Amino acid sequence: MKRPYIKILGLIVVVLAVGLIFTSLKSSKKYKFNKSAEKLHAELVAAKHYLDPYKALEIISNKDENYIFVDIRNPREFDNFHIESAVNVPMQRALDEEYIPYLKNDKIKVLYSNESIKADQIWLLLTQYGYENLYVLQGGATYWKENMLSKDLFKSKSEYDDEKLKFDINKVKASN
Amino acid sequence: MRIRFVLSIVLVCLGLVAAILPQTKNSSMELDAQQLLNEIQLENYVISVDEMANALINNDPEYQLIDLRPEADFKAYSLPGSLNIPFDSLFSETWVPYIDQIARKNVFYSNGTTLASEAWMLTKQKGYKNNYILNGGLNNWFATIIEPKEPASTDGEEAFFQYEARLGMKQFFTGAGAVSSSSSKQVKKPVPRKKKKMVAGGCS
């Protein structure tokens, strides 16, 4: 009578312990970040991961093989308009295995979205995840469509840097 | 006797498991890449300039604006009631208690959206809660609240209500009697109090 009781108890304990340890290990392994937020923050402060659209155009017209342009918008937007030679990696699937070859290679990957916020977010995500040589195209597809396709390029140069203040502070203050 | 012995072993085992668990739990408070990717797409961390303007007008204590620009820019101009946490010192000891808290809604802003979104990503990954970003930053604030554009005559009624509300907000933030550069006959009317009511009703 005594023996099976003890055996069952022991079994339960072992199963519990192994199960708990296993699940806790498993859940933390996949998609784990390689870089701490603090380390990534230091990289962001340096702010060296932006590529301005005029340099990008130079790269494209020189057909520079070292670069890949990665469009992170959805396939419908990509089909509608995309930068010449770009590949489509929809952002919601950026971590899917099928896209690893586009993102993990020796080339310089230039991410772009409609503007630049989403591309910047994916840049943070992938860089922290461990991917290297990623850049963000300033102004994104919208700026490209409006400014980079015309023949007299530098004539109507509007602002592509999202963080540039577009208003005159003194004027705003003066109206107070 | 034997049962007692086994039971105590069981307890020790469970204790060991419990001792291991909190550690892994703590680290899993930080988000992994897939979780963060999901969070990015929710878009519920973006606060519109209209919502923020209303909160400021109503003196809503729930919102805390956080200006991420350098100190010099902050001193030159900032939104009312902002706290300046320059992006460089986001994770400094002084500021972490402000960005890792549960009392209020922090609303990050900068000139555009980039810096605020970067700060949001970093704090989100750390597992900090209650951080939001101001959509379009100061540039959008100026374009929408300080210099609102009159809707086209083809726009719906909603657009005109919103415009009226924004004129009221503009008056609140730039001081009474300010005449807009694009002033039309309609512009002179707004009475701040009335506008407030309209905003509360029309905002969804």
# chains A, B, ... in the order shown; residues from 1 in each chain; ligands from 1
$ closest_atom_pairs --of "chain B" --to "chain A" --cutoff "8 Å" --atoms "only C-alpha atoms" --output "CSV"
residue,atom,partner,partner_atom,distance
B:Ile3,CA,A:Ile6,CA,7.0
B:Val6,CA,A:Ile6,CA,7.1
B:Val10,CA,A:Val13,CA,6.3
B:Cys13,CA,A:Val13,CA,7.2
B:Leu14,CA,A:Ala17,CA,7.1
B:Val17,CA,A:Ala17,CA,6.1
B:Ile20,CA,A:Ile21,CA,7.9
B:Leu21,CA,A:Ser24,CA,7.5
B:Thr24,CA,A:Ser24,CA,6.6
B:Lys25,CA,A:Ser24,CA,7.8
B:Ser28,CA,A:Ser28,CA,6.5
B:Asp32,CA,A:Lys32,CA,5.1
B:Ala33,CA,A:Tyr31,CA,5.1
B:Gln34,CA,A:Tyr31,CA,6.1
B:Leu36,CA,A:Leu125,CA,7.6
B:Leu37,CA,A:Gln92,CA,7.0
B:Asn38,CA,A:Gln92,CA,7.6
B:Ile40,CA,A:Gln121,CA,7.7
B:Gln41,CA,A:Gln92,CA,7.6
B:Ala76,CA,A:Ile169,CA,7.6
B:Tyr77,CA,A:Ile169,CA,6.9
B:Phe87,CA,A:Val45,CA,7.4
B:Asp88,CA,A:Val45,CA,5.9
B:Phe91,CA,A:Glu38,CA,7.1
B:Ser110,CA,A:Glu163,CA,7.2
B:Asn111,CA,A:Glu163,CA,5.1
B:Gly112,CA,A:Glu163,CA,4.4
B:Thr113,CA,A:Asp162,CA,6.8
B:Thr114,CA,A:Ile117,CA,5.8
B:Leu115,CA,A:Glu163,CA,7.4
B:Ser117,CA,A:Ile117,CA,7.3
B:Glu118,CA,A:Gln121,CA,6.9
B:Met121,CA,A:Gln121,CA,7.2
B:Leu122,CA,A:Ala37,CA,5.7
B:Thr123,CA,A:Ala37,CA,7.9
B:Gln125,CA,A:Ala37,CA,7.1
B:Lys126,CA,A:Ala37,CA,6.9
B:Leu138,CA,A:Leu165,CA,7.6
B:Asn139,CA,A:Lys166,CA,6.0
B:Phe142,CA,A:Phe167,CA,7.3
B:Phe173,CA,A:Asn176,CA,7.8
B:Thr174,CA,A:Asn176,CA,4.4
B:Gly175,CA,A:Asn176,CA,5.5
B:Ala178,CA,A:Ser175,CA,6.7
$ write_last_selection --atoms "N, CA and C atoms" --output "tab-separated table (two decimals), in the first residue's frame"
chain	number	residue	atom	x	y	z
B	3	ILE	N	6.80	8.32	4.56
B	3	ILE	CA	5.96	9.27	3.82
B	3	ILE	C	6.37	10.70	4.14
B	6	VAL	N	9.52	11.51	2.25
B	6	VAL	CA	9.25	11.76	0.83
B	6	VAL	C	8.58	13.12	0.64
B	10	VAL	N	9.66	16.21	-1.59
B	10	VAL	CA	8.77	16.84	-2.58
B	10	VAL	C	8.78	18.35	-2.37
B	13	CYS	N	11.94	19.88	-3.53
B	13	CYS	CA	11.97	19.95	-4.99
B	13	CYS	C	11.14	21.11	-5.51
B	14	LEU	N	9.94	21.22	-4.99
B	14	LEU	CA	9.06	22.32	-5.41
B	14	LEU	C	9.71	23.66	-5.10
B	17	VAL	N	12.27	24.41	-7.68
B	17	VAL	CA	11.63	24.86	-8.92
B	17	VAL	C	11.20	26.31	-8.77
B	20	ILE	N	13.99	28.65	-9.06
B	20	ILE	CA	14.47	28.86	-10.43
B	20	ILE	C	13.53	29.75	-11.22
B	21	LEU	N	12.23	29.55	-10.99
B	21	LEU	CA	11.23	30.25	-11.80
B	21	LEU	C	11.28	31.78	-11.77
B	24	THR	N	13.71	33.33	-14.33
B	24	THR	CA	13.36	33.27	-15.74
B	24	THR	C	12.16	34.17	-16.02
B	25	LYS	N	11.27	34.25	-15.04
B	25	LYS	CA	10.10	35.11	-15.23
B	25	LYS	C	10.52	36.56	-15.35
B	28	SER	N	11.85	37.31	-18.66
B	28	SER	CA	10.88	37.25	-19.74
B	28	SER	C	9.92	38.44	-19.69
B	32	ASP	N	10.58	39.56	-26.26
B	32	ASP	CA	11.46	39.03	-27.29
B	32	ASP	C	11.08	39.65	-28.64
B	33	ALA	N	11.84	39.29	-29.66
B	33	ALA	CA	11.67	39.97	-30.95
B	33	ALA	C	10.26	39.81	-31.53
B	34	GLN	N	9.70	38.60	-31.42
B	34	GLN	CA	8.37	38.38	-31.99
B	34	GLN	C	7.30	39.17	-31.23
B	36	LEU	N	7.78	41.94	-29.60
B	36	LEU	CA	7.94	43.36	-29.90
B	36	LEU	C	7.39	43.68	-31.30
B	37	LEU	N	7.60	42.75	-32.23
B	37	LEU	CA	7.06	42.95	-33.58
B	37	LEU	C	5.53	43.04	-33.53
B	38	ASN	N	4.92	42.20	-32.70
B	38	ASN	CA	3.47	42.27	-32.55
B	38	ASN	C	3.03	43.60	-31.96
B	40	ILE	N	4.53	46.49	-32.13
B	40	ILE	CA	4.69	47.59	-33.09
B	40	ILE	C	3.43	47.74	-33.92
B	41	GLN	N	2.87	46.58	-34.32
B	41	GLN	CA	1.75	46.61	-35.26
B	41	GLN	C	0.41	46.95	-34.62
B	76	ALA	N	14.13	76.50	-25.71
B	76	ALA	CA	13.66	77.42	-26.73
B	76	ALA	C	12.16	77.31	-26.93
B	77	TYR	N	11.65	76.10	-26.88
B	77	TYR	CA	10.21	75.89	-27.03
B	77	TYR	C	9.84	74.51	-26.53
B	87	PHE	N	17.07	62.44	-25.21
B	87	PHE	CA	17.17	61.05	-25.67
B	87	PHE	C	18.47	60.38	-25.23
B	88	ASP	N	19.57	61.14	-25.24
B	88	ASP	CA	20.89	60.57	-24.83
B	88	ASP	C	20.84	59.98	-23.42
B	91	PHE	N	18.21	56.26	-20.42
B	91	PHE	CA	18.38	55.17	-19.45
B	91	PHE	C	19.25	55.58	-18.26
B	110	SER	N	9.18	64.59	-29.99
B	110	SER	CA	10.39	65.24	-30.48
B	110	SER	C	9.95	66.12	-31.65
B	111	ASN	N	10.86	66.54	-32.50
B	111	ASN	CA	10.43	67.37	-33.64
B	111	ASN	C	9.54	66.58	-34.58
B	112	GLY	N	9.95	65.35	-34.88
B	112	GLY	CA	9.14	64.48	-35.74
B	112	GLY	C	8.58	63.34	-34.92
B	113	THR	N	8.64	62.12	-35.48
B	113	THR	CA	8.15	60.95	-34.74
B	113	THR	C	9.28	59.97	-34.45
B	114	THR	N	10.38	60.10	-35.20
B	114	THR	CA	11.44	59.09	-35.14
B	114	THR	C	12.00	58.87	-33.74
B	115	LEU	N	12.43	59.96	-33.12
B	115	LEU	CA	13.07	59.85	-31.81
B	115	LEU	C	12.11	59.28	-30.77
B	117	SER	N	9.54	57.40	-31.34
B	117	SER	CA	9.28	55.99	-31.64
B	117	SER	C	10.45	55.11	-31.20
B	118	GLU	N	11.66	55.63	-31.35
B	118	GLU	CA	12.84	54.87	-30.91
B	118	GLU	C	12.82	54.69	-29.38
B	121	MET	N	10.22	52.12	-28.49
B	121	MET	CA	10.68	50.75	-28.77
B	121	MET	C	11.59	50.25	-27.65
B	122	LEU	N	12.53	51.10	-27.24
B	122	LEU	CA	13.49	50.68	-26.22
B	122	LEU	C	12.80	50.42	-24.88
B	123	THR	N	11.89	51.31	-24.50
B	123	THR	CA	11.23	51.13	-23.20
B	123	THR	C	10.27	49.95	-23.27
B	125	GLN	N	10.61	47.24	-25.09
B	125	GLN	CA	11.39	46.01	-25.05
B	125	GLN	C	11.83	45.71	-23.62
B	126	LYS	N	12.11	46.77	-22.86
B	126	LYS	CA	12.49	46.59	-21.46
B	126	LYS	C	11.31	46.11	-20.61
B	138	LEU	N	6.30	67.67	-32.79
B	138	LEU	CA	6.05	69.12	-32.82
B	138	LEU	C	5.64	69.60	-34.21
B	139	ASN	N	6.25	69.02	-35.25
B	139	ASN	CA	5.89	69.45	-36.62
B	139	ASN	C	4.39	69.28	-36.87
B	142	PHE	N	2.35	71.83	-34.70
B	142	PHE	CA	2.25	73.17	-35.32
B	142	PHE	C	1.29	73.15	-36.50
B	173	PHE	N	-3.81	77.77	-26.96
B	173	PHE	CA	-2.36	77.62	-26.86
B	173	PHE	C	-1.56	78.84	-27.30
B	174	THR	N	-2.16	79.71	-28.08
B	174	THR	CA	-1.40	80.87	-28.53
B	174	THR	C	-1.87	82.14	-27.84
B	175	GLY	N	-2.86	82.05	-27.01
B	175	GLY	CA	-3.35	83.22	-26.29
B	175	GLY	C	-4.54	83.84	-26.98
B	178	ALA	N	-5.41	86.10	-30.73
B	178	ALA	CA	-4.51	85.81	-31.84
B	178	ALA	C	-5.31	85.68	-33.13
$ select_by_dssp --residues "region 8-174 of chain A" --states "helix (DSSP H, G or I)" --output "PyMOL selection string"
chain A and resi 8-29+37-46+53-61+75-80+91-93+97-103+117-129+140-148+169-174
$ closest_atom_pairs --of "region 115-167 of chain A" --to "region 107-111 of chain A" --cutoff "8 Å" --atoms "only C-alpha atoms" --output "CSV"
residue,atom,partner,partner_atom,distance
A:Ala119,CA,A:Leu111,CA,5.6
A:Asp120,CA,A:Leu111,CA,7.9
A:Trp123,CA,A:Leu111,CA,7.3
A:Asn133,CA,A:Ile108,CA,5.1
A:Leu134,CA,A:Lys109,CA,4.8
A:Tyr135,CA,A:Val110,CA,4.6
A:Val136,CA,A:Leu111,CA,4.9
A:Leu137,CA,A:Leu111,CA,6.0
$ select_by_dssp --residues "region 95-139 of chain B" --states "strand (DSSP E)" --output "count of residues only"
9
$ residues_around --residues "region 97-107 of chain B" --least-positions-apart "5" --cutoff "10 Å" --atoms "only C-alpha atoms" --output "tab-separated table (two decimals) with C-alpha atoms, in the first residue's frame"
chain	number	residue	atom	x	y	z
B	45	TYR	CA	0.76	53.52	-28.53
B	46	VAL	CA	0.17	56.55	-30.75
B	47	ILE	CA	-1.62	59.58	-29.35
B	52	MET	CA	-3.16	65.62	-26.50
B	61	PRO	CA	-3.40	64.77	-14.84
B	62	GLU	CA	-3.23	61.37	-16.50
B	63	TYR	CA	-0.93	62.59	-19.27
B	64	GLN	CA	2.72	63.50	-18.82
B	65	LEU	CA	4.43	64.95	-21.87
B	66	ILE	CA	8.10	64.05	-22.20
B	67	ASP	CA	10.27	66.12	-24.53
B	82	SER	CA	6.56	68.89	-20.50
B	83	LEU	CA	9.38	67.15	-18.75
B	85	ILE	CA	14.42	63.81	-20.82
B	90	LEU	CA	16.95	58.03	-21.51
B	91	PHE	CA	18.38	55.17	-19.45
B	92	SER	CA	20.22	57.30	-16.89
B	116	ALA	CA	9.86	59.30	-29.86
B	119	ALA	CA	12.45	55.71	-27.23
B	120	TRP	CA	9.13	53.87	-27.18
B	123	THR	CA	11.23	51.13	-23.20
B	124	LYS	CA	8.72	48.62	-24.56
B	126	LYS	CA	12.49	46.59	-21.46
B	127	GLY	CA	8.93	45.79	-20.42
B	128	TYR	CA	8.16	49.33	-19.21
B	129	LYS	CA	4.50	50.22	-19.40
B	130	ASN	CA	2.44	53.37	-19.97
B	131	ASN	CA	4.65	54.97	-22.59
B	132	TYR	CA	3.09	56.50	-25.71
B	133	ILE	CA	4.20	58.69	-28.59
B	134	LEU	CA	2.78	61.94	-29.92
B	135	ASN	CA	1.85	61.37	-33.53
$ residues_around --residues "region 53-66 of chain A" --least-positions-apart "4" --cutoff "10 Å" --atoms "only C-alpha atoms" --output "PDB file with C-alpha atoms, in the first residue's frame"
ATOM      1  CA  ILE A  83      12.030  51.601 -55.606  1.00  0.00           C
ATOM      2  CA  GLU A  84      13.876  50.042 -58.511  1.00  0.00           C
ATOM      3  CA  SER A  85      15.522  46.709 -57.646  1.00  0.00           C
ATOM      4  CA  ALA A  86      13.936  46.563 -54.176  1.00  0.00           C
ATOM      5  CA  ASP A 106      27.071  40.406 -46.433  1.00  0.00           C
ATOM      6  CA  LYS A 107      25.314  43.186 -48.307  1.00  0.00           C
ATOM      7  CA  ILE A 108      24.153  46.501 -46.960  1.00  0.00           C
ATOM      8  CA  LYS A 109      20.396  46.394 -46.493  1.00  0.00           C
ATOM      9  CA  VAL A 110      18.479  49.654 -46.836  1.00  0.00           C
ATOM     10  CA  VAL A 136      16.967  53.226 -42.939  1.00  0.00           C
ATOM     11  CA  LEU A 137      16.057  55.258 -45.999  1.00  0.00           C
ATOM     12  CA  GLN A 138      14.999  58.752 -44.932  1.00  0.00           C
ATOM     13  CA  GLY A 139      11.744  59.975 -46.409  1.00  0.00           C
ATOM     14  CA  GLY A 140      10.760  56.456 -47.512  1.00  0.00           C
ATOM     15  CA  ALA A 141       8.657  55.559 -50.531  1.00  0.00           C
ATOM     16  CA  TYR A 143       9.399  61.099 -50.549  1.00  0.00           C
ATOM     17  CA  TRP A 144      10.960  58.963 -53.260  1.00  0.00           C
ATOM     18  CA  ASN A 147      10.957  63.946 -55.331  1.00  0.00           C
ATOM     19  CA  MET A 148      13.365  61.388 -56.699  1.00  0.00           C
ATOM     20  CA  LEU A 149      11.670  60.510 -59.957  1.00  0.00           C
ATOM     21  CA  LEU A 153      16.135  66.621 -58.865  1.00  0.00           C
ATOM     22  CA  PHE A 154      17.420  69.372 -56.647  1.00  0.00           C
ATOM     23  CA  TYR A 160      13.230  64.251 -45.924  1.00  0.00           C
ATOM     24  CA  ASP A 161      14.551  64.244 -42.358  1.00  0.00           C
TER      25      ASP A 161
END
$ atom_distance --atom1 "CA of Asn80 (chain A)" --atom2 "CA of Glu159 (chain A)"
23.7 Å
$ residues_around --residues "Lys149 (chain B)" --least-positions-apart "3" --cutoff "8 Å" --atoms "only C-alpha atoms" --output "NGL selection string"
:B and (143-144 or 163)
